[in-house]
$ cat run.cif   # mmCIF, C-alpha atoms
data_input
#
loop_
_atom_site.label_atom_id
_atom_site.label_comp_id
_atom_site.auth_asym_id
_atom_site.auth_seq_id
_atom_site.Cartn_x
_atom_site.Cartn_y
_atom_site.Cartn_z
CA MET A 1 44.24 102.60 112.87
CA GLN A 2 48.05 102.45 112.72
CA ILE A 3 48.67 100.37 109.59
CA LEU A 4 47.39 100.86 106.04
CA THR A 5 46.85 97.57 104.20
CA GLY A 6 46.96 97.04 100.47
CA LYS A 7 43.24 96.35 100.16
CA LEU A 8 42.32 99.52 102.05
CA PHE A 9 44.77 101.49 99.91
CA LYS A 10 43.08 100.13 96.77
CA GLU A 11 39.70 101.24 98.10
CA MET A 12 41.14 104.70 98.79
CA VAL A 13 42.48 104.94 95.23
CA LEU A 14 39.15 103.91 93.69
CA CYS A 15 37.26 106.38 95.85
CA GLY A 16 39.75 109.14 95.03
CA ALA A 17 39.40 108.44 91.31
CA ASN A 18 35.62 108.58 91.65
CA THR A 19 35.69 111.91 93.48
CA LEU A 20 38.04 113.33 90.87
CA HIS A 21 35.71 112.16 88.09
CA ASN A 22 32.65 113.67 89.75
CA ASN A 23 34.35 117.07 89.99
CA HIS A 24 36.24 117.16 86.70
CA PRO A 25 33.98 119.76 85.00
CA GLU A 26 34.66 122.25 87.80
CA ILE A 27 38.40 121.54 87.52
CA ASP A 28 38.25 122.11 83.75
CA ALA A 29 36.74 125.54 84.42
CA LEU A 30 39.78 126.53 86.52
CA ASN A 31 42.29 125.69 83.78
CA VAL A 32 44.31 128.78 82.78
CA PHE A 33 47.88 127.44 83.11
CA PRO A 34 50.04 126.46 81.26
CA VAL A 35 47.49 127.15 78.52
CA PRO A 36 43.79 128.01 78.98
CA ASP A 37 42.45 124.98 77.13
CA GLY A 38 39.99 123.89 79.81
CA ASP A 39 40.80 120.18 79.95
CA THR A 40 42.83 119.60 83.12
CA GLY A 41 40.01 117.90 85.02
CA THR A 42 39.10 115.74 82.04
CA ASN A 43 42.71 114.69 81.51
CA MET A 44 43.31 113.90 85.18
CA SER A 45 40.09 111.91 85.42
CA MET A 46 40.90 109.88 82.29
CA THR A 47 44.41 109.26 83.64
CA PHE A 48 43.18 108.05 86.99
CA ASN A 49 40.45 105.91 85.49
CA ALA A 50 43.17 104.14 83.47
CA GLY A 51 45.12 103.48 86.65
CA ALA A 52 42.05 102.43 88.63
CA ALA A 53 41.08 99.97 85.89
CA GLU A 54 44.42 98.20 86.36
CA ILE A 55 43.94 97.57 90.08
CA LYS A 56 40.19 97.28 90.67
CA ASP A 57 40.16 93.49 90.18
CA MET A 58 43.40 92.80 92.06
CA ASP A 59 42.98 90.45 95.02
CA SER A 60 46.38 91.24 96.53
CA ASP A 61 46.80 92.81 99.96
CA ASN A 62 50.37 93.90 99.18
CA ILE A 63 50.42 97.69 99.00
CA TYR A 64 53.60 97.83 96.91
CA ASP A 65 52.24 95.45 94.28
CA ILE A 66 49.04 97.49 94.03
CA ALA A 67 50.89 100.83 93.89
CA LYS A 68 53.27 99.56 91.23
CA LYS A 69 50.45 98.32 88.99
CA LEU A 70 48.57 101.57 89.57
CA SER A 71 51.66 103.52 88.56
CA LYS A 72 52.01 101.59 85.30
CA GLY A 73 48.35 102.09 84.46
CA LEU A 74 48.56 105.82 85.15
CA LEU A 75 51.63 106.20 82.96
CA MET A 76 50.21 104.28 80.01
CA GLY A 77 46.88 106.11 80.25
CA ALA A 78 48.24 109.57 81.11
CA ARG A 79 46.52 112.43 79.27
CA GLY A 80 47.80 115.98 79.06
CA ASN A 81 50.45 117.77 81.07
CA SER A 82 48.58 117.30 84.35
CA GLY A 83 47.95 113.61 83.70
CA VAL A 84 51.60 112.83 83.03
CA ILE A 85 52.69 114.74 86.15
CA LEU A 86 50.05 112.88 88.16
CA SER A 87 51.42 109.59 86.89
CA GLN A 88 54.88 110.60 88.06
CA ILE A 89 53.70 111.46 91.56
CA PHE A 90 52.39 107.91 91.89
CA ARG A 91 55.40 106.41 90.15
CA GLY A 92 57.64 107.93 92.82
CA PHE A 93 55.13 106.94 95.49
CA ALA A 94 55.29 103.31 94.34
CA MET A 95 59.08 103.43 94.32
CA GLY A 96 58.98 104.61 97.92
CA LEU A 97 56.80 101.65 98.92
CA GLU A 98 59.14 98.97 97.58
CA GLY A 99 59.60 96.21 100.14
CA HIS A 100 56.41 97.09 102.06
CA GLU A 101 53.35 94.85 102.26
CA SER A 102 51.56 97.44 104.42
CA VAL A 103 52.63 100.82 105.77
CA ASP A 104 52.39 103.06 108.80
CA ALA A 105 52.11 106.85 108.57
CA VAL A 106 55.90 107.32 108.45
CA ALA A 107 56.39 104.96 105.50
CA PHE A 108 53.41 106.44 103.67
CA ALA A 109 54.68 109.99 104.18
CA ASN A 110 58.16 109.11 102.94
CA ALA A 111 56.68 107.44 99.87
CA TRP A 112 54.56 110.52 99.13
CA LYS A 113 57.68 112.67 99.43
CA SER A 114 59.38 110.37 96.93
CA GLY A 115 56.43 110.90 94.61
CA ALA A 116 56.75 114.68 94.74
CA GLU A 117 60.48 114.48 94.06
CA VAL A 118 60.07 112.19 91.04
CA ALA A 119 57.38 114.46 89.59
CA TYR A 120 59.63 117.53 89.86
CA LYS A 121 62.42 115.71 88.05
CA ALA A 122 60.11 114.67 85.20
CA VAL A 123 59.13 118.25 84.34
CA MET A 124 61.64 120.19 82.24
CA LYS A 125 60.81 123.56 83.80
CA PRO A 126 58.98 123.09 87.14
CA VAL A 127 56.73 126.01 88.07
CA GLU A 128 55.61 126.77 91.63
CA GLY A 129 51.94 127.37 92.28
CA THR A 130 50.96 124.21 90.40
CA ILE A 131 50.16 120.57 91.19
CA LEU A 132 53.88 120.14 91.88
CA THR A 133 53.76 122.63 94.75
CA VAL A 134 50.64 121.03 96.22
CA ALA A 135 52.31 117.60 96.12
CA LYS A 136 55.59 118.87 97.61
CA VAL A 137 54.16 120.95 100.48
CA THR A 138 51.64 118.22 101.33
CA ALA A 139 54.50 115.71 101.44
CA GLU A 140 56.52 117.94 103.77
CA LYS A 141 53.54 118.24 106.12
CA ALA A 142 52.95 114.50 105.93
CA VAL A 143 56.53 113.71 106.95
CA ALA A 144 56.34 116.14 109.88
CA CYS A 145 52.92 114.89 111.01
CA ALA A 146 53.96 111.22 110.83
CA ARG A 147 56.55 111.92 113.51
CA GLU A 148 53.85 113.21 115.85
CA THR A 149 51.15 110.56 115.57
CA GLU A 150 50.81 106.83 114.89
CA ASP A 151 47.09 107.10 114.14
CA PHE A 152 46.65 106.91 110.37
CA ASN A 153 43.21 108.54 110.40
CA GLU A 154 44.51 111.54 112.34
CA PHE A 155 47.52 111.71 110.03
CA ALA A 156 45.30 111.71 106.93
CA GLU A 157 43.06 114.49 108.24
CA VAL A 158 46.07 116.73 108.91
CA VAL A 159 47.47 116.05 105.44
CA ILE A 160 44.22 116.84 103.58
CA LYS A 161 43.88 120.05 105.60
CA GLU A 162 47.38 121.07 104.51
CA ALA A 163 46.62 120.16 100.89
CA ASN A 164 43.62 122.51 100.89
CA ALA A 165 45.65 125.25 102.58
CA ILE A 166 48.48 125.22 100.05
CA LEU A 167 46.01 125.01 97.16
CA LYS A 168 44.45 128.30 98.31
CA LYS A 169 47.90 129.91 98.20
CA THR A 170 48.65 128.96 94.57
CA PRO A 171 47.33 132.28 93.16
CA ASP A 172 49.95 134.10 95.26
CA MET A 173 52.70 132.06 93.56
CA LEU A 174 51.49 132.22 89.97
CA PRO A 175 50.33 135.64 88.69
CA VAL A 176 48.20 134.18 85.88
CA LEU A 177 46.08 132.41 88.51
CA LYS A 178 45.59 135.57 90.54
CA GLU A 179 44.66 137.52 87.41
CA ALA A 180 42.01 134.95 86.56
CA GLY A 181 40.83 134.65 90.18
CA VAL A 182 41.30 130.89 90.37
CA VAL A 183 43.44 128.30 92.14
CA ASP A 184 45.61 125.93 90.10
CA SER A 185 43.48 123.39 88.28
CA GLY A 186 46.02 120.55 88.58
CA GLY A 187 46.41 121.24 92.28
CA GLN A 188 42.63 121.21 92.67
CA GLY A 189 42.47 117.86 90.90
CA LEU A 190 45.05 116.36 93.24
CA VAL A 191 43.19 117.69 96.28
CA GLU A 192 39.92 116.22 95.00
CA PHE A 193 41.59 112.82 94.68
CA LEU A 194 43.10 113.04 98.17
CA GLN A 195 39.76 114.09 99.66
CA GLY A 196 38.08 111.06 98.15
CA ALA A 197 40.83 108.82 99.53
CA VAL A 198 40.50 110.32 103.02
CA ASP A 199 36.71 109.86 102.92
CA VAL A 200 37.31 106.10 102.90
CA LEU A 201 39.31 106.31 106.12
CA SER A 202 36.61 108.39 107.80
CA GLY A 203 34.03 105.73 106.98
CA LYS A 204 32.08 107.79 104.48
CA GLU A 205 30.01 105.65 102.14
CA VAL A 206 30.99 106.37 98.54
CA ASP A 207 29.50 105.28 95.23
CA LEU A 208 32.40 103.87 93.19
CA SER A 209 30.49 103.65 89.90
CA GLY A 210 32.31 106.76 88.63
CA VAL A 211 35.45 104.68 88.15
CA GLU A 212 33.71 102.94 85.25
CA ARG A 213 32.68 106.17 83.52
CA VAL A 214 34.73 108.12 81.00
CA ALA A 215 35.32 111.79 81.67
CA LYS A 216 33.84 114.11 79.08
CA LYS A 217 34.19 117.85 78.81
CA PRO A 218 30.87 119.65 79.29
CA ALA A 219 29.57 121.74 76.42
CA ALA A 220 30.70 125.35 76.63
CA THR A 221 28.22 127.72 78.21
CA GLN A 222 27.42 131.21 77.05
CA THR A 223 29.11 132.64 80.14
CA GLU A 224 32.47 131.12 79.27
CA ALA A 225 34.97 133.42 77.60
CA PRO A 226 35.99 132.15 74.15
CA LEU A 227 39.53 130.84 73.90
CA GLU A 228 41.61 133.29 71.93
CA GLU A 229 44.25 132.02 69.54
CA LYS A 230 46.78 134.46 70.94
CA ASP A 231 46.50 132.76 74.33
CA ILE A 232 48.19 129.62 72.97
CA LYS A 233 51.76 129.87 71.69
CA PHE A 234 52.05 126.20 70.73
CA GLY A 235 48.92 124.81 69.18
CA TYR A 236 49.20 121.04 69.50
CA CYS A 237 49.24 119.02 72.71
CA THR A 238 51.32 116.11 71.44
CA GLU A 239 51.62 112.80 73.28
CA PHE A 240 53.05 109.44 72.39
CA ILE A 241 54.83 106.43 73.86
CA VAL A 242 58.14 105.13 72.53
CA MET A 243 58.67 101.39 73.03
CA THR A 244 62.36 100.54 73.41
CA LYS A 245 64.21 97.24 73.35
CA GLU A 246 66.37 98.31 76.29
CA GLU A 247 66.69 101.14 78.76
CA ILE A 248 68.02 104.31 77.19
CA SER A 249 70.93 106.16 78.77
CA MET A 250 70.47 109.43 80.64
CA GLU A 251 72.53 111.09 77.91
CA GLU A 252 70.15 109.88 75.20
CA GLU A 253 67.15 110.93 77.28
CA GLN A 254 68.60 114.43 77.75
CA LYS A 255 69.32 114.81 74.01
CA PHE A 256 65.68 113.95 73.31
CA LYS A 257 64.50 116.52 75.87
CA ASP A 258 66.81 119.17 74.38
CA PHE A 259 65.32 118.52 70.93
CA LEU A 260 61.78 118.94 72.25
CA MET A 261 62.73 122.19 74.00
CA GLY A 262 63.73 123.50 70.59
CA ILE A 263 60.25 122.98 69.15
CA GLY A 264 57.88 123.52 72.07
CA ASP A 265 57.19 123.80 75.79
CA SER A 266 55.24 122.09 78.63
CA ILE A 267 57.60 119.17 78.18
CA VAL A 268 57.37 116.05 80.30
CA VAL A 269 59.51 113.08 79.28
CA VAL A 270 59.49 109.92 81.39
CA ALA A 271 61.74 106.92 80.75
CA ASP A 272 60.35 103.88 82.60
CA GLU A 273 62.00 100.52 81.88
CA ASP A 274 61.20 99.79 78.22
CA ILE A 275 58.91 102.75 77.47
CA ILE A 276 59.28 106.50 77.16
CA LYS A 277 56.18 108.62 77.75
CA VAL A 278 56.35 111.95 75.94
CA HIS A 279 54.23 115.09 76.34
CA VAL A 280 54.98 118.36 74.55
CA HIS A 281 53.08 121.42 73.34
CA THR A 282 54.38 122.28 69.88
CA ASN A 283 53.44 123.72 66.51
CA HIS A 284 55.26 120.83 64.82
CA PRO A 285 53.88 117.53 66.18
CA GLY A 286 55.25 115.67 63.16
CA LYS A 287 58.80 116.62 64.10
CA ALA A 288 58.31 115.35 67.66
CA ILE A 289 56.87 112.03 66.48
CA GLU A 290 59.57 111.65 63.82
CA LYS A 291 62.21 112.11 66.51
CA GLY A 292 60.45 109.47 68.58
CA LEU A 293 60.61 107.07 65.65
#
$ encode --input "run.cif" --output "structure tokens"
Amino acid sequence: MQILTGKLFKEMVLCGANTLHNNHPEIDALNVFPVPDGDTGTNMSMTFNAGAAEIKDMDSDNIYDIAKKLSKGLLMGARGNSGVILSQIFRGFAMGLEGHESVDAVAFANAWKSGAEVAYKAVMKPVEGTILTVAKVTAEKAVACARETEDFNEFAEVVIKEANAILKKTPDMLPVLKEAGVVDSGGQGLVEFLQGAVDVLSGKEVDLSGVERVAKKPAATQTEAPLEEKDIKFGYCTEFIVMTKEEISMEEEQKFKDFLMGIGDSIVVVADEDIIKVHVHTNHPGKAIEKGL
């Protein structure tokens, strides 16, 4: 196969979302960064289910139209730090597909690279050894591989292999991961999604019913270490969407980000047309919401 159609892309997305959902408890268990709150898999699954719900009934074969609607659904339904970053990867990916009804490996790789770049820009303080690194290094490999082969299946297999390889290296980049003996949870979530998408290309039969289910955190087991209050500097994961009457200027956006930096961390602020998606960890959620108002 040399060309990826919109309908096949949609099937890949739905399968990827299903695989992510099926593995979200294991991803939750890996979650130690940026705070050990054990919800990365749940948040990523809920985010992707929101995006999948937007496209599952689309009859279009235009890959850009599908990617754009997916991107909007992911952004509106994004949960947690990892979910918002995930939405930005696919926002940039959709931007890279503009003008394409279907894509070859080169166009797909360039769009994925665009996704990684947009995600980095959305995060106030990007940290290597996270989902951002997995997206970036996988994109670099994808661009290089696309120059060597026109076969999309072969291209996809090389890319998923690279995604797994860089995921295994995340503990070497982020000391907190090495100390805990785990890979990055957000990176693992992205790899799970990509593996599910690649399974479609390889002809693997997949049950898509997971797309309809809502991710839930499993009850804590006796073997899990209790979360200590000292492990979390900012106690409230605060998220909201600001609806605007017009696009805000970059200067206004930066002032808003600067304010949030003064009251918290793990900040992701995304201005997209007439909405602003906000994520911040803070001890003063009321101040963040008041500023949004």
$ resolve_selection --input "run.cif" --expression "the PyMOL selection byres ((chain A and resi 257) around 10)" --output "PyMOL selection string"
chain A and resi 124+251-256+258-262+267-270+278+280
$ atom_distance --input "run.cif" --atom1 "atom CA of A:Leu86" --atom2 "atom CA of A:Thr47"
8.1 Å
$ closest_residue --input "run.cif" --among "A:Pro25, A:Gly38, A:Gly77, A:Gly83" --to "A:Gly51" --atoms "only C-alpha atoms"
A:Gly77
$ closest_residue --input "run.cif" --among "A:Ile131, A:Ile55, A:Ala180, A:Leu4" --to "A:Ile166" --atoms "all atoms listed in the file"
A:Ile131
$ closest_residue --input "run.cif" --among "A:Thr149, A:Ala142, A:Val182, A:Ala156" --to "A:Gly129" --atoms "all atoms listed in the file"
A:Val182
$ resolve_selection --input "run.cif" --expression "the PyMOL selection byres ((chain A and resi 167) around 8)" --output "JSON, numbers by chain"
{"A": [134, 163, 164, 165, 166, 168, 169, 170, 183, 184, 187, 188, 191]}
$ residues_around --input "run.cif" --residues "A:Ile85" --least-positions-apart "2" --cutoff "8 Å" --atoms "only C-alpha atoms" --output "list in words"
Asn81, Ser82, Gly83, Ser87, Gln88, Ile89, Ala119, Ala122, Val123, Leu132 and Val268 of chain A
